[in-house]
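Structure first, then comments.
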Amino acid sequence: MAVAAIETVGLTKTYAGIDAIAELGIEVHQGEILGFLGPNGAGKTTTIRLLLGLIRPTSGTSSIFGFDSQRQAVDAHRRLAYVPGESSLWPGLTGEETLHLLGRLHGTLDAAYRDELVERFAFEPTRKVRTYSKGNRQKLVLIAALMVRPDLLILDEPTSGLDPLMEQEFRRCVLEAKERGQSVFLSSHMLSEVEALCDRVGILNAGRLVDMGTLSEMRHLSSLTIQATFEGTVPDVTRVPGVSSVVVDGHLLQCQVHGPVEPLLKVLANASVHELLSREPSLEELFLAHYGALSTRPAASTAAIDAD
Amino acid sequence: MAATSAPAATAHMECPRELTSTRRVLPFGVVLARTSRQALRSGAMWGLIFGIYTALQAVAYTLTYKTKAERLALAKSLSSSGGLSALTGPARDLQTVGGYTAWKSLGLLSVIGAIWALLLATKLFRGEEDAGRTEVLLAGPTTRRAATVQTLVGLLVGLVALFACTSVLVALIGRARDVHWAPSASLFYALCVSSGAVLFMAVGAFTSQLVASRRKAAAYAGAAVGIAYVVRMVSDASAGATWMHWITPFGWIEELGAFTSPSPTALLPLAGATSLLVAATIWLSGARDLGAGVLRERADARAHTALLGGPVGLAARLTGPTITVWVAGISAFGLLLGGVANVAAKSLEASPSVRAALARLGGHAGLVKSYLGVSFLTVTLLVMLLAASQVTAARREEATGRVEHLLVQPVARARWMLSRLALGAVAVVLAGTLAGVFAWLGSVSQHAHVGFFDLLEAGINAVPAGLFLLGIGALAWSLTPRHATACVYAALVWSFLVEVLAGIGHQSHWLLDTSIFHHIAPAPAVSPQWVGALALVGLGALATALGVARFSRRDLAGS
Ligand SMILES: Nc1ncnc2c1ncn2[C@@H]1O[C@H](COP(=O)(O)OP(=O)(O)OP(=O)(O)O)[C@@H](O)[C@H]1O
Ligand SMILES: [Mg+2]
């Protein structure tokens with residue numbers, strides 16, 4: 001089997017006694033796009049900086065195409081390109097000079113593709129970096145990463161600051177890269193972006209990987225949302241095995257089913273169902289389900305203030 | 001929050017008043033607190049250095065020139081030399097401890113104060129704006145001009161700290177029986193020393209409005225200091241040009257006549273120029289766009305990619321202009337030293353005690369060489385400052401995160417770090433060597449008859465100290481990145497202070513050995529100790545090697 005584009009084993013980074021990431025084990029196959037999700041402070045950027053060898057792990061290892069991220073960083077970097085979410089560049093260089101520099105350093109610049117990208121992203125390379133807006137700066141680092149056609153793209157919130165048009169262009173570029181067989185590691189808060197692009201998704205919370213798999217696998221393992229409208233009274237389904245989050249609103253019933261749906265269907269069949277809807281959860285719902293505990297906390301405190 | 005403390009009803013009723021009071025409190029809280037904290041710390045530190053330096057001069061005088069006859073001889077020998085006063089300012093009343101102290105300290109300290117002030121002002125104005133922090137603050141309920149006024153008040157706090165620390169120390173030494181200054185004279189002296197800082201702080205605030213980057217703002221203000229200094233030198237060098245005294249701030253400061261013939265009228269042009277600059281700063285800050293300067297920059301620029309092929313080329317592109325200015329400045333200083341050497345030595349010949357002191361340094365070499373030997377320590381100091389600035393600039397690449405764009409490329413950390421340090425080393429070698437060459441050119445112009453190779457050697461002799469500091473800096477940078485700048489300058493200031501102490505009397509060998517200067521022979525007064533110099537270079541290389549090894553294995557550290 002081909003060597004993995006990214007592989008981490010027991011990767012741990014501790015800051016002042018607190019694990020920024022703990023015992024992380026992920027693998028990105030060649031030619032795959034892996035989405036990396038997690039709330040603020042989950043450890044996504046820390047993971048990426050470890051992969052790039054910018055910081056040292058407390059324990060564990062990571063490798064890029066079989067090259068150790070720390071000890072063989074130069075070999076690893078020859079095969080990847082990185083886009084940070086927020087970057088400070090040399091304010092005195094122009095966009096063109098920056099692209100020239102980064103292309104020469106990487107060594108495999110495709111000038112024709114660079115010019116094509118400059119055009120597609122409507123980027124003005126003749127101006128000084130100091131005068132660029134945030135979005136334009138982001139375009140610059142994106143073009144710099146894409147133009148060298150690396151075997152692996154490591155992207156940390158790459159579309160922050162891009163307008164919707166450019167965001168579309170970015171997605172096209174990533175899909176083209178995948179067609180060419182490049183691998184992509186994409187950390188993002190834009191769930192629609194991850195849903196549209198990624199083959200597999202990893203979800204990180206407080207430094208730990210809490211879920212990993214293809215979207216359909218994750219959906220399969222999670223609950224189904226059922227909505228039913230009744231002609232008569234709504235039957236009591238709260239005791240049916242696997243059913244949770246029951247909400248009754250007049251003739252309308254909404255609930256979640258985990259595992260086999262048969263027991264619930266039997267109960268429903270006995271009542272007169274007027275309309276039945278079932279729906280797989282969106283990535284957003286999956287994501288929120290993992291962080292239910294987190295998102296209830298601010299909501300509860302808001303409620304307390306409102307009550308006053 | 002409100003629910004837990006006050007009853008809900010009162011909380012609601014007080015709401016509008018709370019809001020208006022927040023409006024009033026916020027503007028005069030945030031910006032002022034930020035700037036004054038930084039300015040206070042820095043001003044107090046430099047005030048202490050100024051005070052100590054001044055006190056040391058006074059003590060050195062009372063120890064070296066004990067009798068009235070010696071003091072009169074000194075005064076007679078140094079009072080009428082154009083070349084020397086060009087360099088150091090006119091020597092007045094050298095038969096008094098005040099006159100000597102003012103002569104030795106005022107010229108130097110007012111220039112250092114000016115540079116400190118312009119760096120602080122451009123940092124707190126343009127540096128904060130460059131970093132985007134001003135934008136965050138201005139989003140609050142305050143206006144551009146109000147924020148500018150607050151920053152100015154914060155800077156004023158720094159000036160007051162500078163003045164207060166200097167005056168306290170000077171007044172304290174003034175109580176010594178041999179020194180004996182009136183408290184009012186001490187205060188006036190501290191005012192004179194600080195006035196360069198006052199004016200050039202305003203200049204720094206003003207240039208921060210003109211141009212859109214801190215480096216440029218500091219460069220413009222620095223150029224103003226340079227011009228003012230050169231005009232002062234010309235006016236002091238020739239008797240016919242004394243009117244030029246009145247067109248340069250450093251001339252005004254001399255006219256103040258601290259400790260000799262106090263004349264506060266010269267405060268008028270200082271106050272006038274400062275007020276004008278401050279008013280212009282406040283007005284311009286409201287009239288321009290945030291993040292831009294009054295002088296429009298062309299946004300479009302032609303690409304110059306010749307150097308941008310690798311880490312060395314990039315480093316050359318980024319630091320080239322700064323290094324050029326440094327090397328040119330140090331060369332010009334060498335030219336000046338060579339130029340005044342002959343005159344200075346001639347005037348020294350009149351004074352037996354000074355001659356004795358200098359001859360001790362110089363062995364059998366001539367008095368010119370002795371004079372140059374002492375003066376070249378200043379070249380060494382400048383070369384070390386250049387080395388320190390190179391370490392600081394390299395660290396800044398890491399602190400801002402810019403270096404990450406390089407280090408995620410196939411560029412080893414060691415390669416990047418070594419390329420930065422190598423460039424610094426080249427700058428140090430160039431600066432030392434050219435200082436020697438230009439000192440020779442200067443001496444030839446005045447028929448001083450010092451050999452070319454003697455002066456070349458003297459220039460090269462300054463290089464090992466710079467290389468050593470570069471190595472120490474590299475080590476500090478890799479071990480404690482966030483304190484690298486402080487460590488490097490601390491090593492420099494420490495060496496300088498120990499050297500000044502050494503000039504006063506016999507100190508313990510253990511203490512002297514901690515000063516980098518102490519390991520440099522005062523060439524061309526004596527021939528350089530190449531073995532010791534090589535040892536310094538070797539230690540620097542060792543520190544560099546350790547630093548590079550450590551840097552390759554640690555986390556990158558942002559600011
Ligand atoms: N240099 C550091 N020192 C101390 N703690 C750090 C450092 N860098 C990161 N952390 C901590 O590690 C944790 C993970 O941070 P990280 O930047 O990886 O989060 P993230 O998932 O990228 O968040 P975001 O979505 O906001 O970008 C956070 O709790 C952060 O405070
Ligand atoms: Mg992040």
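A note on labels: chains of the structure tokens are A, B, ... as shown, every chain counts residues from 1, and ligands are counted from 1 in their shown order.
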Can you write out as CSV which residues of chain A fall within 7 Å of ligand 2, alongside each residue's closest atom pair and its distance in Å to one decimal, counting only C-alpha atoms and all ligand atoms and ordering rows by chain and ascending residue number?
residue,atom,partner,partner_atom_place_in_ligand_line,distance
A:Asn40,CA,ligand 2,1 (Mg),7.0
A:Gly41,CA,ligand 2,1 (Mg),6.9
A:Lys44,CA,ligand 2,1 (Mg),5.5
A:Thr45,CA,ligand 2,1 (Mg),4.1
A:Asp156,CA,ligand 2,1 (Mg),6.8
Show me which residues are within 10 Å of ligand 1 counting only C-alpha atoms and all ligand atoms, and format the list as an mmCIF file with N, CA and C atoms, in the first residue's frame.
data_model
loop_
_atom_site.group_PDB
_atom_site.id
_atom_site.type_symbol
_atom_site.label_atom_id
_atom_site.label_comp_id
_atom_site.auth_asym_id
_atom_site.auth_seq_id
_atom_site.Cartn_x
_atom_site.Cartn_y
_atom_site.Cartn_z
ATOM 1 N N LYS A 13 0.772 17.355 22.525
ATOM 2 C CA LYS A 13 1.483 18.613 22.791
ATOM 3 C C LYS A 13 0.897 19.242 24.043
ATOM 4 N N THR A 14 1.741 19.475 25.013
ATOM 5 C CA THR A 14 1.292 20.006 26.290
ATOM 6 C C THR A 14 1.844 21.409 26.488
ATOM 7 N N TYR A 15 0.948 22.353 26.815
ATOM 8 C CA TYR A 15 1.389 23.708 27.162
ATOM 9 C C TYR A 15 1.086 23.929 28.629
ATOM 10 N N ALA A 16 2.100 24.152 29.410
ATOM 11 C CA ALA A 16 1.923 24.467 30.830
ATOM 12 C C ALA A 16 0.963 23.497 31.511
ATOM 13 N N GLY A 17 1.191 22.205 31.277
ATOM 14 C CA GLY A 17 0.391 21.187 31.961
ATOM 15 C C GLY A 17 -0.947 20.896 31.310
ATOM 16 N N ILE A 18 -1.320 21.707 30.299
ATOM 17 C CA ILE A 18 -2.608 21.463 29.647
ATOM 18 C C ILE A 18 -2.352 20.877 28.263
ATOM 19 N N ASP A 19 -3.055 19.800 27.950
ATOM 20 C CA ASP A 19 -2.876 19.177 26.643
ATOM 21 C C ASP A 19 -3.580 19.999 25.572
ATOM 22 N N ALA A 20 -2.799 20.598 24.673
ATOM 23 C CA ALA A 20 -3.418 21.270 23.534
ATOM 24 C C ALA A 20 -3.948 20.209 22.582
ATOM 25 N N ILE A 21 -3.174 19.141 22.375
ATOM 26 C CA ILE A 21 -3.715 17.943 21.738
ATOM 27 C C ILE A 21 -3.148 16.737 22.471
ATOM 28 N N PHE A 36 -10.964 18.752 8.850
ATOM 29 C CA PHE A 36 -10.550 18.705 10.249
ATOM 30 C C PHE A 36 -11.361 19.775 10.967
ATOM 31 N N LEU A 37 -12.276 19.325 11.818
ATOM 32 C CA LEU A 37 -13.198 20.264 12.451
ATOM 33 C C LEU A 37 -12.984 20.298 13.957
ATOM 34 N N GLY A 38 -13.450 21.360 14.572
ATOM 35 C CA GLY A 38 -13.365 21.463 16.026
ATOM 36 C C GLY A 38 -13.629 22.880 16.453
ATOM 37 N N PRO A 39 -14.167 23.067 17.656
ATOM 38 C CA PRO A 39 -14.436 24.432 18.119
ATOM 39 C C PRO A 39 -13.138 25.207 18.350
ATOM 40 N N ASN A 40 -13.262 26.478 18.614
ATOM 41 C CA ASN A 40 -12.071 27.311 18.874
ATOM 42 C C ASN A 40 -11.254 26.719 20.008
ATOM 43 N N GLY A 41 -9.956 26.664 19.786
ATOM 44 C CA GLY A 41 -9.085 26.150 20.845
ATOM 45 C C GLY A 41 -9.042 24.645 20.936
ATOM 46 N N ALA A 42 -9.631 23.945 19.946
ATOM 47 C CA ALA A 42 -9.662 22.482 20.005
ATOM 48 C C ALA A 42 -8.280 21.889 19.779
ATOM 49 N N GLY A 43 -7.434 22.598 19.049
ATOM 50 C CA GLY A 43 -6.087 22.083 18.792
ATOM 51 C C GLY A 43 -5.795 21.855 17.324
ATOM 52 N N LYS A 44 -6.605 22.428 16.436
ATOM 53 C CA LYS A 44 -6.395 22.211 15.003
ATOM 54 C C LYS A 44 -5.084 22.842 14.532
ATOM 55 N N THR A 45 -4.911 24.109 14.884
ATOM 56 C CA THR A 45 -3.682 24.788 14.459
ATOM 57 C C THR A 45 -2.458 24.140 15.098
ATOM 58 N N THR A 46 -2.600 23.740 16.358
ATOM 59 C CA THR A 46 -1.481 23.062 17.027
ATOM 60 C C THR A 46 -1.087 21.799 16.269
ATOM 61 N N THR A 47 -2.088 21.025 15.854
ATOM 62 C CA THR A 47 -1.798 19.810 15.087
ATOM 63 C C THR A 47 -1.022 20.146 13.821
ATOM 64 N N ILE A 48 -1.504 21.165 13.110
ATOM 65 C CA ILE A 48 -0.871 21.527 11.842
ATOM 66 C C ILE A 48 0.563 21.996 12.065
ATOM 67 N N ARG A 49 0.776 22.793 13.115
ATOM 68 C CA ARG A 49 2.137 23.283 13.380
ATOM 69 C C ARG A 49 3.072 22.144 13.757
ATOM 70 N N LEU A 50 2.517 21.112 14.393
ATOM 71 C CA LEU A 50 3.331 19.927 14.681
ATOM 72 C C LEU A 50 3.675 19.189 13.394
ATOM 73 N N ILE A 55 6.591 23.426 15.666
ATOM 74 C CA ILE A 55 6.728 23.191 17.106
ATOM 75 C C ILE A 55 7.005 21.706 17.326
ATOM 76 N N GLY A 85 -4.191 30.486 8.334
ATOM 77 C CA GLY A 85 -5.427 31.258 8.317
ATOM 78 C C GLY A 85 -5.160 32.744 8.393
ATOM 79 N N GLU A 86 -4.052 33.065 9.024
ATOM 80 C CA GLU A 86 -3.724 34.460 9.201
ATOM 81 C C GLU A 86 -2.222 34.549 9.041
ATOM 82 N N ASP A 156 -5.125 25.738 6.786
ATOM 83 C CA ASP A 156 -5.698 26.071 8.093
ATOM 84 C C ASP A 156 -6.640 27.254 7.906
ATOM 85 N N GLU A 157 -7.918 26.992 7.911
ATOM 86 C CA GLU A 157 -8.922 28.031 7.644
ATOM 87 C C GLU A 157 -8.520 28.888 6.451
ATOM 88 N N SER A 187 -8.374 22.234 7.559
ATOM 89 C CA SER A 187 -8.996 22.616 8.826
ATOM 90 C C SER A 187 -9.899 23.802 8.552
ATOM 91 N N SER A 188 -11.121 23.746 9.034
ATOM 92 C CA SER A 188 -12.065 24.799 8.641
ATOM 93 C C SER A 188 -13.200 24.928 9.641
ATOM 94 N N HIS A 189 -13.772 26.126 9.692
ATOM 95 C CA HIS A 189 -15.003 26.319 10.450
ATOM 96 C C HIS A 189 -16.203 26.388 9.513
ATOM 97 N N LEU A 204 -12.421 17.183 16.285
ATOM 98 C CA LEU A 204 -11.527 17.311 17.416
ATOM 99 C C LEU A 204 -12.243 18.106 18.493
ATOM 100 N N ASN A 205 -12.100 17.682 19.741
ATOM 101 C CA ASN A 205 -12.632 18.502 20.831
ATOM 102 C C ASN A 205 -11.657 18.446 21.990
ATOM 103 N N ALA A 206 -11.294 19.617 22.496
ATOM 104 C CA ALA A 206 -10.369 19.723 23.627
ATOM 105 C C ALA A 206 -9.145 18.838 23.423
ATOM 106 N N GLY A 207 -8.610 18.852 22.190
ATOM 107 C CA GLY A 207 -7.357 18.139 21.936
ATOM 108 C C GLY A 207 -7.517 16.670 21.642
ATOM 109 N N ASP B 555 10.453 25.036 19.758
ATOM 110 C CA ASP B 555 9.239 25.580 19.161
ATOM 111 C C ASP B 555 9.521 26.987 18.652
ATOM 112 N N LEU B 556 8.952 27.329 17.512
ATOM 113 C CA LEU B 556 9.012 28.734 17.109
ATOM 114 C C LEU B 556 8.172 29.521 18.099
ATOM 115 N N ALA B 557 8.619 30.720 18.429
ATOM 116 C CA ALA B 557 7.924 31.503 19.450
ATOM 117 C C ALA B 557 7.493 32.834 18.861
ATOM 118 N N GLY B 558 6.189 33.065 18.832
ATOM 119 C CA GLY B 558 5.667 34.358 18.383
ATOM 120 C C GLY B 558 5.950 35.431 19.417
ATOM 121 N N SER B 559 5.413 36.620 19.174
ATOM 122 C CA SER B 559 5.732 37.716 20.096
ATOM 123 C C SER B 559 5.005 37.535 21.411
#
Please report as an NGL selection string which residues of chain A come no farther than 10 Å from chain B, using only C-alpha atoms. :A and (49-50 or 52-57 or 70-84 or 86-107 or 124-132 or 141 or 304-305 or 307-308)
Which of range 227-409 of chain B DSSP labels helix (DSSP H, G or I), written as a compact mmCIF listing (two decimals) with C-alpha atoms, in the first residue's frame:
# COMPACT_ATOMS: atom_id res chain seq x y z
CA ILE B 227 21.49 66.74 10.22
CA ALA B 228 21.07 68.63 13.49
CA TYR B 229 24.24 66.99 14.79
CA VAL B 230 26.31 67.73 11.71
CA VAL B 231 25.19 71.39 11.70
CA ARG B 232 26.17 71.60 15.37
CA MET B 233 29.59 70.12 14.56
CA VAL B 234 30.21 72.60 11.75
CA SER B 235 29.14 75.50 13.93
CA ASP B 236 31.48 74.41 16.73
CA ALA B 237 34.40 73.69 14.42
CA ALA B 239 34.76 80.47 14.70
CA GLY B 240 32.92 82.14 11.81
CA ALA B 241 29.94 79.80 11.92
CA THR B 242 28.66 80.38 15.43
CA TRP B 243 25.40 81.79 14.04
CA MET B 244 24.72 78.23 12.90
CA HIS B 245 24.40 77.38 16.55
CA TRP B 246 20.98 78.95 16.43
CA ILE B 247 19.59 76.75 13.67
CA PRO B 249 18.56 71.92 18.42
CA PHE B 250 21.91 70.61 19.63
CA GLY B 251 23.22 74.18 19.35
CA TRP B 252 20.32 75.40 21.48
CA ILE B 253 21.14 72.78 24.08
CA GLU B 254 24.75 74.01 24.20
CA GLU B 255 23.52 77.58 24.49
CA PRO B 264 17.21 79.73 29.88
CA THR B 265 16.43 81.91 26.84
CA ALA B 266 17.59 79.05 24.63
CA LEU B 267 14.63 77.13 25.97
CA LEU B 268 12.40 79.37 23.86
CA PRO B 269 13.28 77.94 20.43
CA LEU B 270 13.17 74.44 21.91
CA ALA B 271 9.72 75.01 23.35
CA GLY B 272 8.52 76.77 20.21
CA ALA B 273 9.67 74.04 17.84
CA THR B 274 8.25 71.33 20.10
CA SER B 275 4.87 73.05 20.34
CA LEU B 276 4.68 73.50 16.58
CA LEU B 277 5.49 69.84 15.97
CA VAL B 278 3.01 68.66 18.59
CA ALA B 279 0.25 70.84 17.16
CA ALA B 280 1.02 69.63 13.64
CA THR B 281 1.01 66.01 14.86
CA ILE B 282 -2.41 66.36 16.47
CA TRP B 283 -3.87 68.11 13.48
CA LEU B 284 -2.41 65.70 10.90
CA SER B 285 -3.47 62.62 12.85
CA GLY B 286 -7.09 63.64 12.38
CA ALA B 287 -6.65 64.69 8.79
CA PRO B 311 17.15 32.86 2.40
CA VAL B 312 20.44 34.75 2.00
CA GLY B 313 19.09 36.86 -0.81
CA LEU B 314 15.93 37.62 1.12
CA ALA B 315 17.93 38.61 4.19
CA ALA B 316 20.07 40.88 2.03
CA ARG B 317 16.96 42.45 0.53
CA LEU B 318 15.33 43.00 3.92
CA THR B 319 18.31 44.27 5.89
CA GLY B 320 20.45 45.71 3.09
CA PRO B 321 19.21 49.30 3.41
CA THR B 322 19.58 49.32 7.21
CA ILE B 323 23.06 47.82 7.06
CA THR B 324 24.10 50.36 4.43
CA VAL B 325 23.01 53.22 6.70
CA TRP B 326 24.88 51.72 9.66
CA VAL B 327 28.08 51.11 7.71
CA ALA B 328 27.94 54.57 6.17
CA GLY B 329 27.38 56.12 9.60
CA ILE B 330 30.26 54.23 11.21
CA SER B 331 32.53 55.11 8.27
CA ALA B 332 31.62 58.77 8.62
CA PHE B 333 32.40 58.56 12.31
CA GLY B 334 35.80 57.03 11.46
CA LEU B 335 36.47 59.91 9.06
CA LEU B 336 35.63 62.39 11.80
CA LEU B 337 37.88 60.67 14.34
CA GLY B 338 40.79 60.68 11.94
CA GLY B 339 40.10 64.30 11.07
CA VAL B 340 40.19 65.67 14.61
CA ALA B 341 42.94 63.40 15.92
CA ASN B 342 45.82 65.73 15.13
CA VAL B 343 44.26 68.84 16.66
CA ALA B 344 43.07 66.95 19.70
CA ALA B 345 46.50 65.48 20.33
CA LYS B 346 48.21 68.86 19.94
CA SER B 347 45.97 70.45 22.52
CA LEU B 348 46.49 67.55 24.88
CA PRO B 352 50.94 67.02 31.84
CA SER B 353 48.36 64.96 33.69
CA VAL B 354 46.24 64.20 30.64
CA ARG B 355 49.33 63.41 28.68
CA ALA B 356 50.42 61.08 31.41
CA ALA B 357 47.04 59.36 31.46
CA LEU B 358 46.94 58.94 27.71
CA ALA B 359 50.57 57.94 27.47
CA ARG B 360 49.91 55.16 29.94
CA LEU B 361 47.36 53.79 27.52
CA GLY B 362 49.60 54.24 24.57
CA LEU B 367 49.80 61.01 21.49
CA VAL B 368 47.75 60.96 18.29
CA LYS B 369 47.68 57.23 18.41
CA SER B 370 46.79 57.33 22.09
CA TYR B 371 43.92 59.64 21.36
CA LEU B 372 42.73 57.43 18.51
CA GLY B 373 43.08 54.35 20.69
CA VAL B 374 40.61 55.75 23.19
CA SER B 375 38.32 57.07 20.46
CA PHE B 376 38.22 53.76 18.63
CA LEU B 377 36.48 52.23 21.62
CA THR B 378 33.49 54.25 20.42
CA VAL B 379 33.84 52.61 17.01
CA THR B 380 33.79 49.26 18.81
CA LEU B 381 30.65 50.34 20.64
CA LEU B 382 28.96 51.31 17.37
CA VAL B 383 29.98 48.04 15.71
CA MET B 384 28.51 46.17 18.66
CA LEU B 385 25.31 48.18 18.38
CA LEU B 386 25.15 47.15 14.72
CA ALA B 387 25.56 43.50 15.73
CA ALA B 388 22.82 43.85 18.35
CA SER B 389 20.47 45.41 15.82
CA GLN B 390 21.04 42.47 13.47
CA VAL B 391 20.09 39.96 16.16
CA THR B 392 17.00 42.00 16.99
CA ALA B 393 15.97 42.19 13.34
CA ALA B 394 16.36 38.43 12.90
CA ARG B 395 14.36 37.73 16.02
CA ARG B 396 11.63 40.06 14.73
CA GLU B 397 11.19 37.78 11.70
CA GLU B 398 10.34 34.99 14.11
CA ALA B 399 8.21 37.13 16.44
CA VAL B 403 9.77 33.29 9.06
CA GLU B 404 7.16 30.52 9.02
CA HIS B 405 6.62 31.13 5.32
CA LEU B 406 10.27 30.21 4.83
CA LEU B 407 10.47 27.35 7.29
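Shortest separation to Gly540 in chain B among B:Ala458, B:Val498, B:Ala474, B:Leu467 occurs at residue B:Leu467, atoms counted being only C-alpha atoms.
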Which of these residues is nearest to Leu162 in chain B, using only C-alpha atoms: B:Gly43, B:Gly113, B:Tyr220, B:Gln150? B:Gly43
Just want the 7 Å neighbourhood of Phe121 in chain A, counted on only C-alpha atoms, with same-chain residues fewer than 3 positions away dropped. Output as an MDAnalysis selection string. chainID A and resid 117:118 139 166
Taking N, CA, C and O atoms for each residue, export the selection above as a tab-separated table (two decimals), in the first residue's frame.
chain	number	residue	atom	x	y	z
A	117	LEU	N	-3.68	31.14	-11.92
A	117	LEU	CA	-4.29	31.35	-10.60
A	117	LEU	C	-4.46	32.83	-10.30
A	117	LEU	O	-5.49	33.26	-9.76
A	118	VAL	N	-3.44	33.62	-10.64
A	118	VAL	CA	-3.51	35.06	-10.41
A	118	VAL	C	-4.75	35.62	-11.10
A	118	VAL	O	-5.50	36.42	-10.55
A	139	LYS	N	-5.49	35.58	-0.55
A	139	LYS	CA	-5.35	35.10	-1.93
A	139	LYS	C	-3.88	34.86	-2.25
A	139	LYS	O	-3.54	33.87	-2.90
A	166	MET	N	-14.76	34.13	-4.56
A	166	MET	CA	-13.40	33.58	-4.44
A	166	MET	C	-13.43	32.25	-3.71
A	166	MET	O	-12.65	31.35	-3.99
Give me the residues within 12 Å of Ser245 in chain A as a list in words, counting only C-alpha atoms and dropping any in the same chain fewer than 3 places off. Ser223, Leu224, Thr225, Ile226, Gln227, Val237, Thr238, Arg239, Val240, Gly242, Val248, Leu253, Gln254, Cys255, Gln256, Val257, His258 and Ala289 of chain A
Selected residue, from B:Gly471, B:Gly432, B:Gly442, B:Pro262, that lies nearest to Ala543 in chain B when counting only C-alpha atoms: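 Ranking B:Gly471, B:Gly432, B:Gly442, B:Pro262 by distance to Ala543 in chain B, first place goes to B:Gly471.
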